[in-house]
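Asker: As input, take work.txt (compact mmCIF, C-alpha atoms and all ligand atoms):
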# COMPACT_ATOMS: atom_id res chain seq x y z
CA MET X 1 -16.20 13.36 -3.83
CA CYS X 2 -14.91 9.90 -3.07
CA GLY X 3 -12.35 7.93 -5.07
CA LEU X 4 -13.25 4.41 -6.01
CA LEU X 5 -10.81 1.76 -7.05
CA GLU X 6 -12.53 -0.76 -9.26
CA PRO X 7 -10.11 -3.63 -9.86
CA ALA X 8 -10.96 -5.91 -12.78
CA GLY X 9 -13.22 -8.79 -11.80
CA LEU X 10 -14.85 -7.04 -8.85
CA PRO X 11 -18.37 -8.49 -8.51
CA ALA X 12 -21.22 -5.97 -8.95
CA PHE X 13 -22.50 -6.35 -5.37
CA LEU X 14 -19.05 -5.43 -4.04
CA LEU X 15 -18.90 -2.39 -6.28
CA GLN X 16 -22.33 -1.33 -5.07
CA ARG X 17 -21.32 -1.56 -1.40
CA GLN X 18 -18.09 0.31 -2.11
CA ARG X 19 -20.21 3.12 -3.54
CA TRP X 20 -22.59 3.24 -0.55
CA LEU X 21 -19.62 3.31 1.77
CA ALA X 22 -17.92 6.06 -0.20
CA ALA X 23 -21.04 8.22 0.10
CA GLU X 24 -21.23 7.62 3.88
CA LEU X 25 -17.54 8.55 4.32
CA ASP X 26 -18.11 11.71 2.32
CA ARG X 27 -20.90 12.68 4.76
CA LEU X 28 -18.86 11.71 7.82
CA ALA X 29 -15.62 13.59 7.05
CA PRO X 30 -15.63 17.27 8.05
CA PRO X 31 -15.74 19.61 5.02
CA ASP X 32 -12.49 20.94 3.58
CA ASP X 33 -13.35 24.56 4.20
CA ARG X 34 -14.13 24.15 7.91
CA PRO X 35 -11.13 25.06 10.13
CA PRO X 36 -8.65 23.55 10.69
CA SER X 37 -8.96 23.16 6.94
CA ASP X 38 -5.47 21.72 6.40
CA VAL X 39 -6.30 18.85 8.80
CA HIS X 40 -9.72 18.34 7.22
CA ARG X 41 -8.22 18.29 3.72
CA SER X 42 -5.67 15.76 4.89
CA ILE X 43 -8.40 13.56 6.44
CA ARG X 44 -10.48 13.68 3.27
CA TYR X 45 -7.47 13.05 1.04
CA THR X 46 -6.89 9.59 2.53
CA LEU X 47 -10.38 8.66 3.74
CA LEU X 48 -12.00 9.50 0.40
CA GLY X 49 -9.02 8.59 -1.81
CA PRO X 50 -9.10 5.81 -4.41
CA SER X 51 -9.59 2.65 -2.35
CA LYS X 52 -11.06 -0.84 -2.63
CA ARG X 53 -12.81 -0.29 0.75
CA VAL X 54 -12.64 -4.01 1.31
CA ARG X 55 -12.77 -3.88 5.14
CA GLY X 56 -15.91 -1.75 5.35
CA THR X 57 -17.51 -3.87 2.63
CA LEU X 58 -16.75 -6.95 4.74
CA THR X 59 -18.65 -5.38 7.67
CA LEU X 60 -21.66 -4.68 5.43
CA LEU X 61 -21.66 -8.19 3.95
CA ALA X 62 -21.32 -9.85 7.36
CA ALA X 63 -24.28 -7.83 8.71
CA ASP X 64 -26.31 -8.75 5.59
CA LEU X 65 -26.30 -12.40 6.72
CA PHE X 66 -28.72 -11.63 9.52
CA ASP X 67 -32.12 -10.08 9.72
CA GLY X 68 -31.07 -7.40 12.19
CA THR X 69 -32.73 -4.02 11.85
CA ARG X 70 -29.67 -1.96 12.74
CA ASP X 71 -27.78 -0.13 10.00
CA ALA X 72 -24.25 -1.52 9.62
CA MET X 73 -23.01 1.52 7.70
CA PRO X 74 -21.71 3.50 10.73
CA ALA X 75 -19.68 0.48 11.91
CA ALA X 76 -18.34 -0.06 8.38
CA ALA X 77 -17.40 3.63 8.09
CA ALA X 78 -15.61 3.49 11.46
CA ILE X 79 -13.55 0.52 10.26
CA GLU X 80 -12.60 2.51 7.12
CA CYS X 81 -11.55 5.48 9.31
CA VAL X 82 -9.21 3.20 11.28
CA HIS X 83 -7.81 1.80 8.03
CA ALA X 84 -7.22 5.31 6.61
CA SER X 85 -5.48 6.36 9.84
CA SER X 86 -3.20 3.32 9.66
CA LEU X 87 -2.23 4.09 6.05
CA ILE X 88 -1.21 7.65 6.91
CA LEU X 89 0.90 6.49 9.86
CA ASP X 90 2.38 3.57 7.91
CA ASP X 91 3.81 5.85 5.22
CA LEU X 92 5.56 8.33 7.58
CA PRO X 93 9.35 8.72 7.34
CA SER X 94 9.78 7.10 10.77
CA MET X 95 7.69 4.09 9.66
CA ASP X 96 7.79 2.66 6.13
CA ASP X 97 9.10 5.94 4.73
CA THR X 98 6.98 5.80 1.61
CA THR X 99 6.41 8.84 -0.55
CA SER X 100 3.53 7.52 -2.62
CA ARG X 101 0.32 5.59 -1.95
CA ARG X 102 -2.53 4.66 -4.28
CA GLY X 103 -0.63 6.09 -7.23
CA ARG X 104 -0.28 9.59 -5.77
CA ALA X 105 1.65 11.47 -3.08
CA ALA X 106 1.48 9.98 0.43
CA ASN X 107 -0.51 12.09 2.89
CA HIS X 108 2.57 13.53 4.65
CA ILE X 109 4.13 14.50 1.31
CA GLN X 110 0.96 16.32 0.31
CA PHE X 111 0.20 18.03 3.64
CA GLY X 112 3.41 17.84 5.71
CA GLU X 113 4.20 15.44 8.52
CA ALA X 114 2.59 17.36 11.40
CA THR X 115 -0.76 17.71 9.60
CA ALA X 116 -0.67 14.06 8.52
CA ILE X 117 -0.18 12.92 12.14
CA LEU X 118 -3.04 15.14 13.33
CA ALA X 119 -5.28 13.79 10.58
CA ALA X 120 -4.42 10.18 11.50
CA VAL X 121 -5.30 10.78 15.17
CA ALA X 122 -8.47 12.68 14.19
CA LEU X 123 -9.56 9.72 12.02
CA LEU X 124 -9.42 7.44 15.07
CA ASN X 125 -11.54 9.91 17.03
CA LEU X 126 -13.97 10.07 14.15
CA ALA X 127 -14.26 6.26 14.23
CA PHE X 128 -14.92 6.05 17.96
CA GLY X 129 -17.28 9.03 17.99
CA HIS X 130 -19.26 7.65 15.08
CA VAL X 131 -19.97 4.23 16.61
CA ALA X 132 -20.61 5.80 20.02
CA SER X 133 -23.37 7.99 18.61
CA ALA X 134 -24.84 5.57 16.03
CA TYR X 135 -25.82 2.65 18.27
CA ASP X 136 -27.51 1.93 21.59
CA ALA X 137 -25.19 2.07 24.60
CA SER X 138 -24.55 -1.65 24.90
CA LEU X 139 -23.70 -2.25 21.21
CA ALA X 140 -21.72 1.01 21.02
CA SER X 141 -19.58 0.04 23.99
CA ALA X 142 -18.95 -3.46 22.55
CA LEU X 143 -17.91 -1.95 19.21
CA VAL X 144 -15.65 0.63 20.87
CA ARG X 145 -13.97 -2.21 22.79
CA LEU X 146 -13.58 -4.21 19.56
CA LEU X 147 -11.95 -1.27 17.74
CA ALA X 148 -9.71 -0.41 20.69
CA ASP X 149 -8.43 -3.98 20.89
CA ALA X 150 -7.89 -4.20 17.13
CA ILE X 151 -5.85 -0.97 17.04
CA GLY X 152 -3.95 -1.62 20.27
CA SER X 153 -0.51 -2.96 21.07
CA GLU X 154 -1.67 -6.53 20.48
CA GLY X 155 -3.29 -5.53 17.19
CA LEU X 156 -2.27 -3.06 14.49
CA ILE X 157 0.19 -1.17 16.69
CA GLY X 158 1.87 -4.40 17.78
CA GLY X 159 1.96 -5.64 14.19
CA GLN X 160 3.54 -2.43 12.98
CA ALA X 161 6.12 -2.53 15.80
CA ALA X 162 7.03 -6.09 14.75
CA ASP X 163 7.08 -5.07 11.08
CA LEU X 164 9.64 -2.37 11.85
CA GLN X 165 11.91 -5.07 13.33
CA MET X 166 11.73 -7.31 10.25
CA PRO X 167 15.08 -8.04 8.61
CA SER X 168 15.85 -6.28 5.34
CA HIS X 169 16.56 -9.60 3.58
CA PRO X 170 13.65 -11.60 2.07
CA VAL X 171 11.87 -13.75 4.69
CA ARG X 172 9.96 -17.05 4.82
CA VAL X 173 6.17 -17.05 5.01
CA SER X 174 6.37 -18.50 8.54
CA GLU X 175 8.35 -15.43 9.67
CA ILE X 176 6.05 -12.84 8.15
CA GLU X 177 2.74 -14.50 9.05
CA PRO X 178 2.65 -13.55 12.77
CA VAL X 179 3.40 -9.94 11.80
CA ASP X 180 0.77 -9.91 9.03
CA ARG X 181 -1.79 -11.40 11.38
CA ARG X 182 -1.59 -8.43 13.77
CA LYS X 183 -0.82 -5.74 11.19
CA THR X 184 -3.72 -6.60 8.90
CA ALA X 185 -5.77 -9.69 9.77
CA VAL X 186 -6.82 -8.22 13.13
CA LEU X 187 -8.67 -5.35 11.42
CA PHE X 188 -10.35 -7.74 8.95
CA ARG X 189 -11.42 -9.87 11.91
CA ALA X 190 -12.84 -6.79 13.66
CA ALA X 191 -14.58 -5.71 10.42
CA SER X 192 -16.29 -9.07 10.03
CA LEU X 193 -17.17 -9.39 13.71
CA ALA X 194 -18.52 -5.82 13.83
CA GLY X 195 -20.92 -6.75 10.99
CA ALA X 196 -22.01 -9.84 12.93
CA MET X 197 -22.56 -7.81 16.09
CA VAL X 198 -24.58 -5.11 14.35
CA GLY X 199 -26.59 -7.75 12.46
CA GLY X 200 -27.48 -9.49 15.73
CA ALA X 201 -25.56 -12.77 15.19
CA GLY X 202 -25.55 -15.46 17.86
CA GLU X 203 -22.29 -16.42 19.58
CA ARG X 204 -21.40 -19.30 17.24
CA GLU X 205 -22.20 -17.31 14.11
CA ALA X 206 -20.13 -14.40 15.40
CA GLN X 207 -17.24 -16.78 16.09
CA ARG X 208 -17.45 -18.13 12.52
CA LEU X 209 -17.39 -14.63 11.08
CA ALA X 210 -14.45 -13.62 13.28
CA GLU X 211 -12.56 -16.65 11.95
CA PHE X 212 -13.53 -15.77 8.39
CA GLY X 213 -12.20 -12.23 8.83
CA ASP X 214 -8.96 -13.42 10.38
CA ARG X 215 -8.23 -15.93 7.59
CA VAL X 216 -9.27 -13.74 4.72
CA GLY X 217 -7.30 -10.81 6.21
CA LEU X 218 -4.15 -12.89 6.47
CA ALA X 219 -4.61 -14.09 2.89
CA PHE X 220 -5.12 -10.46 1.80
CA GLN X 221 -1.86 -9.34 3.44
CA LEU X 222 0.14 -12.26 2.00
CA VAL X 223 -1.12 -11.38 -1.49
CA ASP X 224 -0.21 -7.76 -0.74
CA ASP X 225 3.30 -8.86 0.28
CA VAL X 226 3.64 -10.79 -3.00
CA ILE X 227 2.45 -7.76 -5.04
CA ASP X 228 4.86 -5.49 -3.09
CA THR X 229 7.79 -7.91 -3.45
CA ASN X 230 7.21 -8.14 -7.20
CA SER X 231 7.01 -4.39 -7.65
CA GLU X 232 10.06 -3.82 -5.43
CA MET X 233 12.04 -6.29 -7.59
CA THR X 234 10.99 -4.38 -10.71
CA ARG X 235 11.88 -1.07 -9.04
CA GLN X 236 15.30 -2.29 -7.91
CA SER X 237 16.12 -3.65 -11.35
CA SER X 238 15.57 -0.11 -12.64
CA GLY X 239 17.69 1.44 -9.85
CA GLY X 240 14.86 2.60 -7.51
CA HIS X 241 14.10 1.73 -3.90
CA ARG X 242 11.04 2.11 -1.66
CA GLY X 243 12.13 2.62 1.96
CA HIS X 244 11.68 -0.12 4.57
CA LEU X 245 9.69 -3.01 3.15
CA ALA X 246 9.62 -6.62 4.24
CA SER X 247 9.84 -8.91 1.23
CA ILE X 248 9.01 -12.57 0.67
CA ALA X 249 11.67 -15.14 -0.24
CA ASP X 250 9.38 -17.68 -1.92
CA LEU X 251 6.48 -16.05 -3.76
CA ASP X 252 4.92 -19.38 -4.78
CA GLU X 253 4.88 -20.52 -1.16
CA ALA X 254 3.15 -17.26 -0.15
CA MET X 255 0.50 -17.62 -2.87
CA ARG X 256 -0.13 -21.28 -1.94
CA ARG X 257 -0.57 -20.24 1.70
CA ALA X 258 -2.91 -17.38 0.73
CA GLU X 259 -5.08 -19.77 -1.30
CA GLU X 260 -5.15 -22.29 1.55
CA LEU X 261 -6.22 -19.52 3.96
CA ALA X 262 -8.95 -18.30 1.60
CA GLN X 263 -10.29 -21.86 1.34
CA SER X 264 -10.29 -22.29 5.08
CA ALA X 265 -11.98 -18.87 5.43
CA VAL X 266 -14.75 -20.15 3.17
CA GLN X 267 -15.06 -23.27 5.33
CA SER X 268 -15.67 -21.12 8.40
CA LEU X 269 -18.84 -19.90 6.66
CA ASN X 270 -20.39 -23.40 6.74
CA GLY X 271 -23.81 -23.22 8.31
CA LEU X 272 -24.34 -19.53 7.57
CA GLY X 273 -26.69 -20.13 4.66
CA GLU X 274 -27.12 -18.95 1.10
CA ARG X 275 -26.33 -15.30 1.72
CA ALA X 276 -22.76 -16.23 2.72
CA GLY X 277 -22.11 -16.69 -1.03
CA ARG X 278 -21.12 -13.05 -1.22
CA LEU X 279 -18.45 -13.50 1.43
CA ARG X 280 -17.17 -16.50 -0.55
CA GLU X 281 -16.83 -14.24 -3.58
CA LEU X 282 -14.99 -11.69 -1.45
CA ALA X 283 -12.51 -14.39 -0.35
CA ASP X 284 -12.04 -15.37 -3.99
CA PHE X 285 -11.42 -11.75 -5.02
CA VAL X 286 -8.84 -11.32 -2.24
CA VAL X 287 -6.56 -14.05 -3.57
CA LYS X 288 -7.09 -13.35 -7.27
CA ARG X 289 -6.49 -9.58 -7.13
CA LYS X 290 -3.45 -8.18 -8.88
CA GLU X 291 -3.45 -4.68 -7.31
C1 LIG Z 1 -3.05 3.67 15.29
C2 LIG Z 1 -4.53 2.87 13.39
C3 LIG Z 1 -3.18 2.91 14.02
C4 LIG Z 1 -2.16 2.25 13.43
C5 LIG Z 1 -0.76 2.30 13.92
C6 LIG Z 1 0.88 2.23 11.27
C7 LIG Z 1 0.22 1.09 11.94
C8 LIG Z 1 0.05 1.11 13.42
C9 LIG Z 1 -0.20 -0.01 11.30
C10 LIG Z 1 -0.09 -0.15 9.82
C11 LIG Z 1 -1.00 -1.23 9.37
C12 LIG Z 1 -1.00 -1.31 7.87
C13 LIG Z 1 -1.01 -0.06 7.06
C14 LIG Z 1 -1.00 -2.49 7.28
C15 LIG Z 1 -0.99 -2.64 5.81
C16 LIG Z 1 -2.34 -3.11 5.39
C17 LIG Z 1 -2.55 -3.01 3.92
C18 LIG Z 1 -2.47 -4.27 3.13
C19 LIG Z 1 -2.88 -1.85 3.36
C20 LIG Z 1 -3.38 -1.70 2.00
O1 LIG Z 1 -4.75 -2.07 2.07
P1 LIG Z 1 -5.74 -1.94 0.84
O2 LIG Z 1 -5.09 -2.53 -0.37
O3 LIG Z 1 -5.81 -0.37 0.70
O4 LIG Z 1 -7.04 -2.48 1.24
P2 LIG Z 1 -6.79 0.56 -0.18
O5 LIG Z 1 -5.87 1.53 -0.86
O6 LIG Z 1 -7.58 -0.26 -1.15
O7 LIG Z 1 -7.66 1.26 0.82
Kindly present the structure from the file in structure tokens form.
Ligand code: GRG
Answerer:
Amino acid sequence: MCGLLEPAGLPAFLLQRQRWLAAELDRLAPPDDRPPSDVHRSIRYTLLGPSKRVRGTLTLLAADLFDGTRDAMPAAAAIECVHASSLILDDLPSMDDTTSRRGRAANHIQFGEATAILAAVALLNLAFGHVASAYDASLASALVRLLADAIGSEGLIGGQAADLQMPSHPVRVSEIEPVDRRKTAVLFRAASLAGAMVGGAGEREAQRLAEFGDRVGLAFQLVDDVIDTNSEMTRQSSGGHRGHLASIADLDEAMRRAEELAQSAVQSLNGLGERAGRLRELADFVVKRKE
């Protein structure tokens, strides 16, 4: 069954959507005992592992703003598949070279590098296949395009390529921000926009939600960089080291910027009505989280 990460202070409606999403992912992932069972175990290990599932939740909350009749769950699950794929690839020895993730062995440590790579590619196929079969042709093709652009060389792949070129010394927020935008904010933007598209948002509403996703995603990654920099400093002071990892020179500056981005994300929700309150709470959670 699915792992849930329930950080302190997570509002009940977020927890509820995390649970729905976890159940959908459990149904979507091929069973462990179906061949090739090593690849299926590897897929399930990361897709159903302990996660906040914040991106898929964002898709569900964005769709909730509208009175559309289409179910946003397949789009949200596809976004989570892309996220899981990116985590597996990110940890590989040729990338961040990380041996642990979410408090346990990284996927390639648990299953070997070849299986981890196959699982990561299979997760992308799962994402595309799922949206292609869940929606009518026109929405499915728009969502496939959205995912392809988000993953591509101007999205996650481009962000990761830039991340690998980052200097090993601590950097200013202005240096890390363009990398963080592609590496992380692009998928948050796609998650929010996918919800708008499934919900049946108009062009201006969709634009507002895309902006919300972009800003909240960048804030999320900056907070992540601060958490990582803090834990790397603790690790180094006790003689450890965690592979390639960009770190932040001025943690206060990064937190100020994250808070500013979260506020401006909330401003992009102006005009979207009462139900946008949940997205405001999500933005608040993103900057206050400690893990
Ligand atoms: C082809 C999909 C694909 C990617 C290739 C490897 C890569 C390019 C990109 C890596 C992008 C990446 C892993 C960015 C880090 C984003 C990040 C902050 C991850 C942690 O997110 P959480 O905290 O994770 O939401 P949980 O564990 O809660 O699911």
Asker: One decimal, Å: what's the distance from CA of Phe111 in chain X over to CA of Val39 in chain X, could you say?
Answerer: 8.3 Å
Asker: Which is closer to ligand LIG 1 (chain Z) than all the others in X:Leu261, X:Ala196, X:Ala140, X:Asp90, using only C-alpha atoms and all ligand atoms?
Answerer: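 Residue with the minimum atom-to-atom distance to ligand LIG 1 (chain Z): X:Asp90.
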Asker: Separation of atom C6 of ligand LIG 1 (chain Z) and CA of Ala29 in chain X, in Å?
Answerer: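 Pair atom C6 of ligand LIG 1 (chain Z) / CA of Ala29 in chain X returns 20.5 Å.
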Asker: Pick out the residues sitting within 12 Å of Val121 in chain X, and hand them over as a PDB file with C-alpha atoms, keeping the file's coordinate frame; count only C-alpha atoms, and ignore anything fewer than 5 positions along from it in its own chain.
Answerer:
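This went into out-v7.pdb:
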ATOM      1  CA  VAL X  39      -6.300  18.850   8.800  1.00  0.00           C
ATOM      2  CA  HIS X  40      -9.720  18.340   7.220  1.00  0.00           C
ATOM      3  CA  SER X  42      -5.670  15.760   4.890  1.00  0.00           C
ATOM      4  CA  ILE X  43      -8.400  13.560   6.440  1.00  0.00           C
ATOM      5  CA  CYS X  81     -11.550   5.480   9.310  1.00  0.00           C
ATOM      6  CA  VAL X  82      -9.210   3.200  11.280  1.00  0.00           C
ATOM      7  CA  HIS X  83      -7.810   1.800   8.030  1.00  0.00           C
ATOM      8  CA  ALA X  84      -7.220   5.310   6.610  1.00  0.00           C
ATOM      9  CA  SER X  85      -5.480   6.360   9.840  1.00  0.00           C
ATOM     10  CA  SER X  86      -3.200   3.320   9.660  1.00  0.00           C
ATOM     11  CA  LEU X  87      -2.230   4.090   6.050  1.00  0.00           C
ATOM     12  CA  ILE X  88      -1.210   7.650   6.910  1.00  0.00           C
ATOM     13  CA  LEU X  89       0.900   6.490   9.860  1.00  0.00           C
ATOM     14  CA  ALA X 114       2.590  17.360  11.400  1.00  0.00           C
ATOM     15  CA  THR X 115      -0.760  17.710   9.600  1.00  0.00           C
ATOM     16  CA  ALA X 116      -0.670  14.060   8.520  1.00  0.00           C
ATOM     17  CA  LEU X 126     -13.970  10.070  14.150  1.00  0.00           C
ATOM     18  CA  ALA X 127     -14.260   6.260  14.230  1.00  0.00           C
ATOM     19  CA  PHE X 128     -14.920   6.050  17.960  1.00  0.00           C
ATOM     20  CA  ILE X 151      -5.850  -0.970  17.040  1.00  0.00           C
TER      21      ILE X 151
END
Asker: Give me the residues within 10 Å of range 177-187 of chain X as number ranges by chain, counting all atoms listed in the file and dropping any in the same chain fewer than 2 places off.
Answerer: X: 55, 79-80, 82-83, 86, 146-147, 149-166, 172-175, 189-193, 210-222, 225, 254, 257
Asker: Go through X:Gln263, X:Arg17, X:Pro36, X:Thr69 one by one, measure the shortest atom-to-atom distance of each to Val54 in chain X using all atoms listed in the file, and give the residue with the smallest value.
Answerer: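 When distances to Val54 in chain X are compared using all atoms listed in the file, the smallest one comes from X:Arg17.
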Asker: I want to know what sits within 10 Å of Leu25 in chain X, based on all atoms listed in the file, with residues of the same chain fewer than 3 positions away left out; could you give that as a list in words?
Answerer: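 The residues satisfying every condition are Met1, Cys2, Arg19, Trp20, Leu21, Ala22, Leu28, Ala29, Pro30, Arg44, Leu47, Leu48, Met73, Pro74, Ala76, Ala77, Ala78, Glu80 and Cys81 of chain X.
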Asker: Closest to ligand LIG 1 (chain Z) among X:Ala12, X:Leu124, X:Leu209, X:Ala75, using all atoms listed in the file?
Answerer: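 Selected residue with least distance to ligand LIG 1 (chain Z): X:Leu124.
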Asker: Counting only C-alpha atoms, figure out which residue out of X:Glu291, X:Asp91, X:Asp26, X:Glu203 gets nearest to Asp228 in chain X.
Answerer: X:Glu291
Asker: In terms of the shortest atom-to-atom distance over only C-alpha atoms, which of X:Gln207, X:Ser247, X:Thr46, X:Ser268 is closest to Arg101 in chain X?
Answerer: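 Of the candidates, the smallest distance to Arg101 in chain X is held by X:Thr46.
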Asker: Determine the nearest neighbour of Glu253 in chain X from the options X:Val171, X:Leu15, X:Asp284, X:Gly273, counting all atoms listed in the file.
Answerer: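 Smallest separation from Glu253 in chain X among the options: X:Val171.
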Asker: How big is the axis-aligned box, and where does its centre sit, when it encloses all atoms of range 32-48 of chain X listed in the file and has 4 Å added on every side, reported in Å to one decimal as lines of an AutoDock Vina configuration file?
Answerer:
center_x = -9.8
center_y = 16.9
center_z = 5.5
size_x = 16.7
size_y = 24.4
size_z = 18.3
Asker: Given the point (-26.3, -11.9, 18.5) in the file's coordinates, find the residues that have an atom at most 12 Å from it, counting only C-alpha atoms, and give them as a list in words.
Answerer: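 Checked against the point, the hits come out as Ala63, Leu65, Phe66, Asp67, Gly68, Arg70, Leu139, Ala142, Leu193, Ala194, Gly195, Ala196, Met197, Val198, Gly199, Gly200, Ala201, Gly202, Glu203, Arg204, Glu205, Ala206, Gln207 and Leu209 of chain X.
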Asker: So the first atom is CA of Arg34 in chain X and the second is CA of Pro50 in chain X; what is the distance between them in Å, to one decimal place?
Answerer: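 For CA of Arg34 in chain X relative to CA of Pro50 in chain X, the distance reads 22.7 Å.
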